[in-house]
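A.B. asks: Pasting final09.pdb below, which is PDB, C-alpha atoms.
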ATOM      1  CA  MET A   1      -4.746   2.934 -21.358
ATOM      2  CA  THR A   2      -4.781   1.180 -17.988
ATOM      3  CA  GLN A   3      -2.056  -1.485 -17.707
ATOM      4  CA  ILE A   4      -2.668  -4.413 -15.332
ATOM      5  CA  LEU A   5      -0.190  -7.184 -14.517
ATOM      6  CA  VAL A   6      -1.583 -10.512 -13.286
ATOM      7  CA  VAL A   7       0.886 -12.856 -11.549
ATOM      8  CA  GLU A   8      -1.012 -16.126 -11.078
ATOM      9  CA  ASP A   9       0.204 -19.699 -11.652
ATOM     10  CA  ASP A  10      -3.320 -21.085 -12.227
ATOM     11  CA  LYS A  11      -3.858 -20.334 -15.913
ATOM     12  CA  ASN A  12      -7.621 -20.794 -15.651
ATOM     13  CA  ILE A  13      -7.856 -18.089 -12.993
ATOM     14  CA  ALA A  14      -5.459 -15.843 -14.928
ATOM     15  CA  GLU A  15      -7.635 -16.257 -18.023
ATOM     16  CA  LEU A  16     -10.797 -15.536 -16.021
ATOM     17  CA  VAL A  17      -9.272 -12.336 -14.653
ATOM     18  CA  THR A  18      -8.067 -11.280 -18.094
ATOM     19  CA  ILE A  19     -11.429 -11.868 -19.790
ATOM     20  CA  ASN A  20     -13.283  -9.853 -17.184
ATOM     21  CA  LEU A  21     -10.862  -6.930 -16.897
ATOM     22  CA  GLN A  22      -9.482  -6.460 -20.396
ATOM     23  CA  ASP A  23     -11.279  -4.118 -22.760
ATOM     24  CA  ASP A  24     -10.493  -1.283 -25.182
ATOM     25  CA  LEU A  25      -9.145   0.876 -22.343
ATOM     26  CA  THR A  26      -7.452  -1.834 -20.267
ATOM     27  CA  LYS A  27      -4.604  -4.162 -21.204
ATOM     28  CA  VAL A  28      -3.861  -7.229 -19.051
ATOM     29  CA  THR A  29      -0.463  -8.969 -19.053
ATOM     30  CA  CYS A  30      -0.067 -12.381 -17.365
ATOM     31  CA  CYS A  31       2.897 -14.115 -15.728
ATOM     32  CA  TYR A  32       2.626 -17.643 -14.321
ATOM     33  CA  ASP A  33       5.813 -17.765 -12.230
ATOM     34  CA  GLY A  34       6.792 -15.645  -9.249
ATOM     35  CA  ALA A  35      10.349 -14.905 -10.375
ATOM     36  CA  GLU A  36       9.171 -13.900 -13.851
ATOM     37  CA  GLY A  37       6.357 -11.839 -12.348
ATOM     38  CA  TYR A  38       8.763  -9.970 -10.078
ATOM     39  CA  VAL A  39      10.974  -9.008 -13.028
ATOM     40  CA  GLU A  40       7.946  -7.796 -14.986
ATOM     41  CA  ALA A  41       6.508  -5.888 -12.018
ATOM     42  CA  SER A  42       9.882  -4.216 -11.442
ATOM     43  CA  LYS A  43       9.540  -2.375 -14.748
ATOM     44  CA  SER A  44       7.022  -0.041 -13.060
ATOM     45  CA  ASP A  45       4.974   0.217 -16.263
ATOM     46  CA  TYR A  46       1.734  -0.929 -14.662
ATOM     47  CA  ASP A  47      -1.195   0.821 -12.992
ATOM     48  CA  LEU A  48      -2.083  -2.271 -10.923
ATOM     49  CA  ILE A  49      -0.560  -5.643 -10.032
ATOM     50  CA  ILE A  50      -2.877  -8.547  -9.180
ATOM     51  CA  LEU A  51      -0.619 -10.903  -7.246
ATOM     52  CA  ASP A  52      -1.269 -14.466  -6.092
ATOM     53  CA  LEU A  53       0.090 -15.318  -2.667
ATOM     54  CA  MET A  54       1.268 -18.868  -3.437
ATOM     55  CA  LEU A  55       3.497 -18.933  -6.519
ATOM     56  CA  PRO A  56       6.327 -21.102  -7.866
ATOM     57  CA  GLY A  57       9.720 -19.412  -8.094
ATOM     58  CA  LYS A  58       9.043 -16.518  -5.701
ATOM     59  CA  LYS A  59       6.173 -16.180  -3.248
ATOM     60  CA  GLY A  60       3.691 -13.353  -3.590
ATOM     61  CA  MET A  61       4.449 -11.955  -0.137
ATOM     62  CA  ASP A  62       8.163 -11.761  -1.007
ATOM     63  CA  ILE A  63       7.405 -10.096  -4.342
ATOM     64  CA  CYS A  64       5.266  -7.483  -2.626
ATOM     65  CA  ARG A  65       7.832  -6.773   0.075
ATOM     66  CA  ASP A  66      10.761  -6.554  -2.369
ATOM     67  CA  LEU A  67       8.884  -4.215  -4.728
ATOM     68  CA  ARG A  68       8.207  -1.827  -1.855
ATOM     69  CA  LEU A  69      11.801  -1.984  -0.667
ATOM     70  CA  ASN A  70      12.851  -0.962  -4.195
ATOM     71  CA  HIS A  71      10.485   2.049  -4.078
ATOM     72  CA  ILE A  72       8.065   0.599  -6.649
ATOM     73  CA  GLN A  73       4.727   2.076  -5.608
ATOM     74  CA  THR A  74       2.415   0.292  -8.084
ATOM     75  CA  PRO A  75      -0.845  -0.642  -6.304
ATOM     76  CA  ILE A  76      -1.051  -4.354  -5.437
ATOM     77  CA  LEU A  77      -4.188  -6.469  -5.073
ATOM     78  CA  MET A  78      -3.327  -9.743  -3.330
ATOM     79  CA  LEU A  79      -5.122 -12.838  -4.634
ATOM     80  CA  THR A  80      -5.124 -16.003  -2.566
ATOM     81  CA  SER A  81      -7.076 -19.069  -1.578
ATOM     82  CA  LYS A  82      -6.169 -18.505   2.075
ATOM     83  CA  SER A  83      -8.883 -16.879   4.142
ATOM     84  CA  ASP A  84      -7.247 -16.692   7.570
ATOM     85  CA  GLU A  85      -7.159 -13.209   9.060
ATOM     86  CA  ILE A  86      -3.413 -13.463   9.692
ATOM     87  CA  ASP A  87      -2.757 -13.877   5.945
ATOM     88  CA  LYS A  88      -4.799 -10.786   5.177
ATOM     89  CA  ILE A  89      -2.928  -8.775   7.796
ATOM     90  CA  LEU A  90       0.469  -9.993   6.577
ATOM     91  CA  GLY A  91      -0.450  -9.113   3.008
ATOM     92  CA  LEU A  92      -1.497  -5.595   3.963
ATOM     93  CA  GLU A  93       1.558  -5.093   6.144
ATOM     94  CA  SER A  94       3.870  -6.222   3.335
ATOM     95  CA  GLY A  95       2.636  -3.274   1.309
ATOM     96  CA  ALA A  96      -0.421  -4.642  -0.515
ATOM     97  CA  ASP A  97      -3.286  -2.213  -1.098
ATOM     98  CA  ASP A  98      -6.136  -4.705  -1.002
ATOM     99  CA  TYR A  99      -6.848  -8.404  -0.680
ATOM    100  CA  ILE A 100      -9.364 -10.757  -2.317
ATOM    101  CA  THR A 101      -9.892 -14.409  -1.408
ATOM    102  CA  LYS A 102     -10.550 -17.265  -3.824
ATOM    103  CA  PRO A 103     -13.131 -18.235  -4.841
ATOM    104  CA  PHE A 104     -14.321 -14.746  -5.747
ATOM    105  CA  SER A 105     -17.101 -13.409  -7.900
ATOM    106  CA  VAL A 106     -16.331 -11.489 -11.072
ATOM    107  CA  ARG A 107     -18.301  -8.516  -9.780
ATOM    108  CA  GLU A 108     -16.286  -8.440  -6.546
ATOM    109  CA  LEU A 109     -13.030  -8.572  -8.515
ATOM    110  CA  GLN A 110     -14.112  -5.746 -10.808
ATOM    111  CA  ALA A 111     -15.289  -3.643  -7.867
ATOM    112  CA  ARG A 112     -12.047  -4.090  -5.933
ATOM    113  CA  VAL A 113      -9.925  -3.322  -9.011
ATOM    114  CA  ARG A 114     -11.902  -0.134  -9.633
ATOM    115  CA  ALA A 115     -11.572   0.854  -5.955
ATOM    116  CA  VAL A 116      -7.787   0.336  -5.863
ATOM    117  CA  LEU A 117      -7.280   2.248  -9.123
ATOM    118  CA  ARG A 118      -9.550   5.060  -7.934
ATOM    119  CA  ARG A 119      -7.652   5.418  -4.640
ATOM    120  CA  SER A 120      -4.323   5.356  -6.464
ATOM    121  CA  ARG A 121      -5.356   8.098  -8.887
ATOM    122  CA  SER A 122      -6.810  10.153  -6.064
ATOM    123  CA  ASP A 123      -3.556   9.840  -4.080
ATOM    124  CA  ARG A 124      -1.528  10.986  -7.107
ATOM    125  CA  THR A 125      -3.814  13.958  -7.642
ATOM    126  CA  LYS A 126      -3.585  14.994  -3.985
ATOM    127  CA  SER A 127       0.201  14.638  -4.100
ATOM    128  CA  GLU A 128       0.404  16.843  -7.201
ATOM    129  CA  GLN A 129      -1.867  19.472  -5.676
ATOM    130  CA  SER A 130      -0.381  19.596  -2.191
ATOM    131  CA  SER A 131       2.414  22.091  -1.576
ATOM    132  CA  ASP A 132       3.369  22.022  -5.262
ATOM    133  CA  GLY A 133       5.955  19.348  -4.535
ATOM    134  CA  LEU A 134       7.563  21.266  -1.659
ATOM    135  CA  GLU A 135       9.078  19.369   1.205
ATOM    136  CA  ILE A 136       7.718  19.126   4.698
ATOM    137  CA  THR A 137      10.717  19.646   6.960
ATOM    138  CA  VAL A 138      10.583  18.940  10.684
ATOM    139  CA  LYS A 139      13.907  18.900  12.506
ATOM    140  CA  ASN A 140      16.074  16.391  10.629
ATOM    141  CA  LEU A 141      13.120  14.816   8.769
ATOM    142  CA  LYS A 142      12.243  15.759   5.183
ATOM    143  CA  ILE A 143       9.137  14.521   3.350
ATOM    144  CA  ASN A 144       8.946  15.189  -0.393
ATOM    145  CA  GLN A 145       5.304  14.827  -1.367
ATOM    146  CA  GLU A 146       5.840  14.875  -5.137
ATOM    147  CA  LEU A 147       8.674  12.329  -5.202
ATOM    148  CA  ARG A 148       7.169  10.328  -2.304
ATOM    149  CA  LYS A 149      10.592  10.379  -0.689
ATOM    150  CA  VAL A 150      11.409  10.576   3.014
ATOM    151  CA  GLN A 151      14.869  11.424   4.331
ATOM    152  CA  LEU A 152      16.138  11.318   7.891
ATOM    153  CA  ASN A 153      19.550  12.869   8.625
ATOM    154  CA  GLY A 154      20.112  13.003   4.857
ATOM    155  CA  LYS A 155      19.492   9.272   4.345
ATOM    156  CA  ARG A 156      16.483   7.974   2.436
ATOM    157  CA  LEU A 157      14.084   5.770   4.385
ATOM    158  CA  ASN A 158      12.506   2.674   2.877
ATOM    159  CA  LEU A 159       8.776   3.130   3.483
ATOM    160  CA  THR A 160       5.947   1.094   2.021
ATOM    161  CA  PRO A 161       3.214   3.097   0.210
ATOM    162  CA  LYS A 162       0.885   2.813   3.207
ATOM    163  CA  GLU A 163       3.615   3.861   5.633
ATOM    164  CA  PHE A 164       4.301   6.905   3.470
ATOM    165  CA  GLU A 165       0.608   7.809   3.162
ATOM    166  CA  LEU A 166       0.152   7.428   6.909
ATOM    167  CA  LEU A 167       3.157   9.629   7.653
ATOM    168  CA  LEU A 168       2.083  12.220   5.077
ATOM    169  CA  LEU A 169      -1.452  12.453   6.455
ATOM    170  CA  LEU A 170      -0.171  13.006   9.994
ATOM    171  CA  ALA A 171       2.622  15.406   8.950
ATOM    172  CA  ASN A 172       0.222  17.514   6.883
ATOM    173  CA  ASN A 173      -1.938  17.959   9.986
ATOM    174  CA  PRO A 174       0.505  18.546  12.874
ATOM    175  CA  GLY A 175      -1.083  18.375  16.286
ATOM    176  CA  LYS A 176      -4.334  16.870  15.020
ATOM    177  CA  THR A 177      -5.234  13.589  16.689
ATOM    178  CA  TYR A 178      -6.622  10.793  14.511
ATOM    179  CA  SER A 179      -8.293   7.738  15.973
ATOM    180  CA  ARG A 180      -7.220   4.333  14.671
ATOM    181  CA  ALA A 181     -10.573   3.996  12.907
ATOM    182  CA  GLN A 182     -10.086   7.371  11.177
ATOM    183  CA  LEU A 183      -6.583   6.432  10.025
ATOM    184  CA  LEU A 184      -7.800   3.067   8.788
ATOM    185  CA  HIS A 185     -10.601   4.704   6.810
ATOM    186  CA  ASN A 186      -8.363   7.455   5.360
ATOM    187  CA  ILE A 187      -5.457   5.217   4.368
ATOM    188  CA  TRP A 188      -6.958   1.791   3.695
ATOM    189  CA  GLY A 189     -10.619   2.556   3.000
ATOM    190  CA  TYR A 190     -13.897   1.630   4.644
ATOM    191  CA  GLU A 191     -13.720  -2.037   3.581
ATOM    192  CA  PHE A 192     -11.036  -2.707   6.216
ATOM    193  CA  GLU A 193     -13.230  -1.706   9.126
ATOM    194  CA  GLY A 194     -12.322  -3.810  12.146
ATOM    195  CA  TYR A 195      -8.604  -4.068  11.318
ATOM    196  CA  GLU A 196      -7.462  -1.203  13.576
ATOM    197  CA  HIS A 197      -4.526  -3.342  14.778
ATOM    198  CA  THR A 198      -3.071  -2.934  11.262
ATOM    199  CA  VAL A 199      -2.743   0.789  12.060
ATOM    200  CA  ASN A 200      -0.851  -0.045  15.259
ATOM    201  CA  SER A 201       1.576  -2.259  13.324
ATOM    202  CA  HIS A 202       2.248   0.472  10.754
ATOM    203  CA  ILE A 203       2.747   3.107  13.460
ATOM    204  CA  ASN A 204       5.209   0.826  15.256
ATOM    205  CA  ARG A 205       7.165   0.200  12.051
ATOM    206  CA  LEU A 206       7.170   3.918  11.184
ATOM    207  CA  ARG A 207       8.518   4.732  14.618
ATOM    208  CA  SER A 208      11.228   2.086  14.282
ATOM    209  CA  LYS A 209      12.378   3.835  11.090
ATOM    210  CA  LEU A 210      11.870   7.467  12.174
ATOM    211  CA  GLU A 211      12.549   7.660  15.861
ATOM    212  CA  LYS A 212      15.864   7.598  17.673
ATOM    213  CA  ASP A 213      14.010   6.033  20.599
ATOM    214  CA  PRO A 214      10.668   4.507  19.463
ATOM    215  CA  SER A 215       9.526   4.231  23.078
ATOM    216  CA  ASN A 216       9.941   8.017  23.445
ATOM    217  CA  PRO A 217       8.975   9.336  19.969
ATOM    218  CA  GLU A 218       9.700  12.846  18.668
ATOM    219  CA  PHE A 219       7.539  12.782  15.524
ATOM    220  CA  ILE A 220       4.575  10.404  15.816
ATOM    221  CA  LEU A 221       3.012  10.899  19.208
ATOM    222  CA  THR A 222       0.315   8.949  21.026
ATOM    223  CA  SER A 223      -2.844  10.673  22.224
ATOM    224  CA  TRP A 224      -3.658   8.232  24.996
ATOM    225  CA  GLY A 225      -7.065   6.635  24.730
ATOM    226  CA  VAL A 226      -7.715   8.336  21.372
ATOM    227  CA  GLY A 227      -5.110   7.664  18.668
ATOM    228  CA  TYR A 228      -2.042   9.301  17.128
ATOM    229  CA  ARG A 229      -0.847  12.783  16.111
ATOM    230  CA  PHE A 230       2.215  14.372  14.511
ATOM    231  CA  THR A 231       4.374  16.690  16.565
ATOM    232  CA  GLU A 232       3.626  20.409  16.332
TER     233      GLU A 232
END
Turn this file's structure into structure tokens for me.
C.D. replies:
Amino acid sequence: MTQILVVEDDKNIAELVTINLQDDLTKVTCCYDGAEGYVEASKSDYDLIILDLMLPGKKGMDICRDLRLNHIQTPILMLTSKSDEIDKILGLESGADDYITKPFSVRELQARVRAVLRRSRSDRTKSEQSSDGLEITVKNLKINQELRKVQLNGKRLNLTPKEFELLLLLANNPGKTYSRAQLLHNIWGYEFEGYEHTVNSHINRLRSKLEKDPSNPEFILTSWGVGYRFTE
């Protein structure tokens, strides 16, 4: 059974989401306070978290960021009444997998939920099939595909799910250059077309975590005028 957690302080919206997502194969649990929602989400028992941006107790952006810092990889669909591009970018860069703006149609909600769940299951399947859980080791960097764990000089790095997926894609294809549009499509999906600057932000943050000198990287290299590649 698919388990979905909805963290939304507007009970009418929470009820609307529940009615339209819950069925014999899907169970929806609701929390109406950010602090309570964070505790529930931390249990890692869910297949998807639908998270409002503006919440009492603990803001949605903080919940998202703290879950990722604690290595909780549950897919997150941000739900908010804000429509500014900067809010969408901040949500994605905090570790959210998708973003939907109020007011939304039921069909759009259902479609986005299905898309996030489908991508999540596909990522798990690829992880299970690739290298049978073996590590990718390059110099002092180790990437465990099965455990989704990255270590540098023996210390674990705190990567968001998208940072990990981006690193894994590049590391699995050393020397291959990907354009920003290709990375956006592979990691975020076609619906984020036009947000190539999100790729730049993730690359910069990855370099700040991986590289001794981010301005002179050893692992994630720039193919000038084209995109990015992983060292051979």
A.B. asks: Tell me which of A:Asn186, A:Thr2, A:Ser215, A:Thr29 sits closest to A:Lys162, counting only C-alpha atoms.
C.D. replies: A:Asn186
A.B. asks: Pull out every residue that the PyMOL selection byres ((chain A and resi 163) around 9) matches in the shown coordinates and put them as an mmCIF file with C-alpha atoms, in the coordinates of the input.
C.D. replies:
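The resulting file, selection13.cif, is shown below:
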data_model
loop_
_atom_site.group_PDB
_atom_site.id
_atom_site.type_symbol
_atom_site.label_atom_id
_atom_site.label_comp_id
_atom_site.auth_asym_id
_atom_site.auth_seq_id
_atom_site.Cartn_x
_atom_site.Cartn_y
_atom_site.Cartn_z
ATOM 1 C CA GLY A 95 2.636 -3.274 1.309
ATOM 2 C CA LEU A 159 8.776 3.130 3.483
ATOM 3 C CA THR A 160 5.947 1.094 2.021
ATOM 4 C CA PRO A 161 3.214 3.097 0.210
ATOM 5 C CA LYS A 162 0.885 2.813 3.207
ATOM 6 C CA PHE A 164 4.301 6.905 3.470
ATOM 7 C CA GLU A 165 0.608 7.809 3.162
ATOM 8 C CA LEU A 166 0.152 7.428 6.909
ATOM 9 C CA LEU A 167 3.157 9.629 7.653
ATOM 10 C CA LEU A 168 2.083 12.220 5.077
ATOM 11 C CA HIS A 202 2.248 0.472 10.754
ATOM 12 C CA ILE A 203 2.747 3.107 13.460
ATOM 13 C CA ARG A 205 7.165 0.200 12.051
ATOM 14 C CA LEU A 206 7.170 3.918 11.184
#
A.B. asks: Please expand the PyMOL selection byres ((chain A and resi 108-112) around 12) into the concrete residues it hits in this file, giving the result as a PDB file with C-alpha atoms, in the frame of the given file.
C.D. replies:
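Full text of part.pdb as output:
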ATOM      1  CA  ILE A  13      -7.856 -18.089 -12.993  1.00  0.00           C
ATOM      2  CA  LEU A  16     -10.797 -15.536 -16.021  1.00  0.00           C
ATOM      3  CA  VAL A  17      -9.272 -12.336 -14.653  1.00  0.00           C
ATOM      4  CA  THR A  18      -8.067 -11.280 -18.094  1.00  0.00           C
ATOM      5  CA  ILE A  19     -11.429 -11.868 -19.790  1.00  0.00           C
ATOM      6  CA  ASN A  20     -13.283  -9.853 -17.184  1.00  0.00           C
ATOM      7  CA  LEU A  21     -10.862  -6.930 -16.897  1.00  0.00           C
ATOM      8  CA  GLN A  22      -9.482  -6.460 -20.396  1.00  0.00           C
ATOM      9  CA  LEU A  48      -2.083  -2.271 -10.923  1.00  0.00           C
ATOM     10  CA  ILE A  50      -2.877  -8.547  -9.180  1.00  0.00           C
ATOM     11  CA  PRO A  75      -0.845  -0.642  -6.304  1.00  0.00           C
ATOM     12  CA  ILE A  76      -1.051  -4.354  -5.437  1.00  0.00           C
ATOM     13  CA  LEU A  77      -4.188  -6.469  -5.073  1.00  0.00           C
ATOM     14  CA  MET A  78      -3.327  -9.743  -3.330  1.00  0.00           C
ATOM     15  CA  LEU A  79      -5.122 -12.838  -4.634  1.00  0.00           C
ATOM     16  CA  ASP A  97      -3.286  -2.213  -1.098  1.00  0.00           C
ATOM     17  CA  ASP A  98      -6.136  -4.705  -1.002  1.00  0.00           C
ATOM     18  CA  TYR A  99      -6.848  -8.404  -0.680  1.00  0.00           C
ATOM     19  CA  ILE A 100      -9.364 -10.757  -2.317  1.00  0.00           C
ATOM     20  CA  THR A 101      -9.892 -14.409  -1.408  1.00  0.00           C
ATOM     21  CA  LYS A 102     -10.550 -17.265  -3.824  1.00  0.00           C
ATOM     22  CA  PRO A 103     -13.131 -18.235  -4.841  1.00  0.00           C
ATOM     23  CA  PHE A 104     -14.321 -14.746  -5.747  1.00  0.00           C
ATOM     24  CA  SER A 105     -17.101 -13.409  -7.900  1.00  0.00           C
ATOM     25  CA  VAL A 106     -16.331 -11.489 -11.072  1.00  0.00           C
ATOM     26  CA  ARG A 107     -18.301  -8.516  -9.780  1.00  0.00           C
ATOM     27  CA  VAL A 113      -9.925  -3.322  -9.011  1.00  0.00           C
ATOM     28  CA  ARG A 114     -11.902  -0.134  -9.633  1.00  0.00           C
ATOM     29  CA  ALA A 115     -11.572   0.854  -5.955  1.00  0.00           C
ATOM     30  CA  VAL A 116      -7.787   0.336  -5.863  1.00  0.00           C
ATOM     31  CA  LEU A 117      -7.280   2.248  -9.123  1.00  0.00           C
ATOM     32  CA  ARG A 118      -9.550   5.060  -7.934  1.00  0.00           C
ATOM     33  CA  ARG A 119      -7.652   5.418  -4.640  1.00  0.00           C
ATOM     34  CA  GLY A 189     -10.619   2.556   3.000  1.00  0.00           C
ATOM     35  CA  GLU A 191     -13.720  -2.037   3.581  1.00  0.00           C
TER      36      GLU A 191
END
A.B. asks: Can you tell me, as a PyMOL selection string, what residues are no more than 10 Å from stretch 64-68 of chain A when counting all atoms listed in the file, ignoring any on the same chain fewer than 2 positions away?
C.D. replies: chain A and resi 38-39+41-42+44+49+51+53+59-62+70-78+91-96+158-161
A.B. asks: Using C-alpha atoms, can you export the residues from the last selection as a PDB file, keeping the file's coordinate frame?
C.D. replies:
ATOM      1  CA  TYR A  38       8.763  -9.970 -10.078  1.00  0.00           C
ATOM      2  CA  VAL A  39      10.974  -9.008 -13.028  1.00  0.00           C
ATOM      3  CA  ALA A  41       6.508  -5.888 -12.018  1.00  0.00           C
ATOM      4  CA  SER A  42       9.882  -4.216 -11.442  1.00  0.00           C
ATOM      5  CA  SER A  44       7.022  -0.041 -13.060  1.00  0.00           C
ATOM      6  CA  ILE A  49      -0.560  -5.643 -10.032  1.00  0.00           C
ATOM      7  CA  LEU A  51      -0.619 -10.903  -7.246  1.00  0.00           C
ATOM      8  CA  LEU A  53       0.090 -15.318  -2.667  1.00  0.00           C
ATOM      9  CA  LYS A  59       6.173 -16.180  -3.248  1.00  0.00           C
ATOM     10  CA  GLY A  60       3.691 -13.353  -3.590  1.00  0.00           C
ATOM     11  CA  MET A  61       4.449 -11.955  -0.137  1.00  0.00           C
ATOM     12  CA  ASP A  62       8.163 -11.761  -1.007  1.00  0.00           C
ATOM     13  CA  ASN A  70      12.851  -0.962  -4.195  1.00  0.00           C
ATOM     14  CA  HIS A  71      10.485   2.049  -4.078  1.00  0.00           C
ATOM     15  CA  ILE A  72       8.065   0.599  -6.649  1.00  0.00           C
ATOM     16  CA  GLN A  73       4.727   2.076  -5.608  1.00  0.00           C
ATOM     17  CA  THR A  74       2.415   0.292  -8.084  1.00  0.00           C
ATOM     18  CA  PRO A  75      -0.845  -0.642  -6.304  1.00  0.00           C
ATOM     19  CA  ILE A  76      -1.051  -4.354  -5.437  1.00  0.00           C
ATOM     20  CA  LEU A  77      -4.188  -6.469  -5.073  1.00  0.00           C
ATOM     21  CA  MET A  78      -3.327  -9.743  -3.330  1.00  0.00           C
ATOM     22  CA  GLY A  91      -0.450  -9.113   3.008  1.00  0.00           C
ATOM     23  CA  LEU A  92      -1.497  -5.595   3.963  1.00  0.00           C
ATOM     24  CA  GLU A  93       1.558  -5.093   6.144  1.00  0.00           C
ATOM     25  CA  SER A  94       3.870  -6.222   3.335  1.00  0.00           C
ATOM     26  CA  GLY A  95       2.636  -3.274   1.309  1.00  0.00           C
ATOM     27  CA  ALA A  96      -0.421  -4.642  -0.515  1.00  0.00           C
ATOM     28  CA  ASN A 158      12.506   2.674   2.877  1.00  0.00           C
ATOM     29  CA  LEU A 159       8.776   3.130   3.483  1.00  0.00           C
ATOM     30  CA  THR A 160       5.947   1.094   2.021  1.00  0.00           C
ATOM     31  CA  PRO A 161       3.214   3.097   0.210  1.00  0.00           C
TER      32      PRO A 161
END
A.B. asks: To one decimal place, how far is atom CA of A:Pro56 from atom CA of A:Asp33 in Å?
C.D. replies: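 Between these atoms lies a distance of 5.5 Å.
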A.B. asks: At most 6 Å from (5.6, 16.9, -1.3), file frame, all atoms listed in the file: which residues, as a PyMOL selection string?
C.D. replies: chain A and resi 133-135+144-146
A.B. asks: Selected residues, C-alpha atoms, written as a compact mmCIF listing (two decimals), keeping the file's coordinate frame, please.
C.D. replies:
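Result file follows (selection_23.txt):
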# COMPACT_ATOMS: atom_id res chain seq x y z
CA GLY A 133 5.96 19.35 -4.54
CA LEU A 134 7.56 21.27 -1.66
CA GLU A 135 9.08 19.37 1.20
CA ASN A 144 8.95 15.19 -0.39
CA GLN A 145 5.30 14.83 -1.37
CA GLU A 146 5.84 14.88 -5.14
A.B. asks: Got a sec to resolve the PyMOL selection byres ((chain A and resi 151) around 12) on this structure and send the residues as a list in words?
C.D. replies: Glu135, Ile136, Thr137, Val138, Lys139, Asn140, Leu141, Lys142, Ile143, Asn144, Gln145, Leu147, Arg148, Lys149, Val150, Leu152, Asn153, Gly154, Lys155, Arg156, Leu157, Asn158, Leu159, Phe164, Lys209 and Leu210 of chain A
A.B. asks: Just give me the gap between atom CA of A:Ser179 and atom CA of A:Glu211 in Å, one decimal is fine.
C.D. replies: 20.8 Å
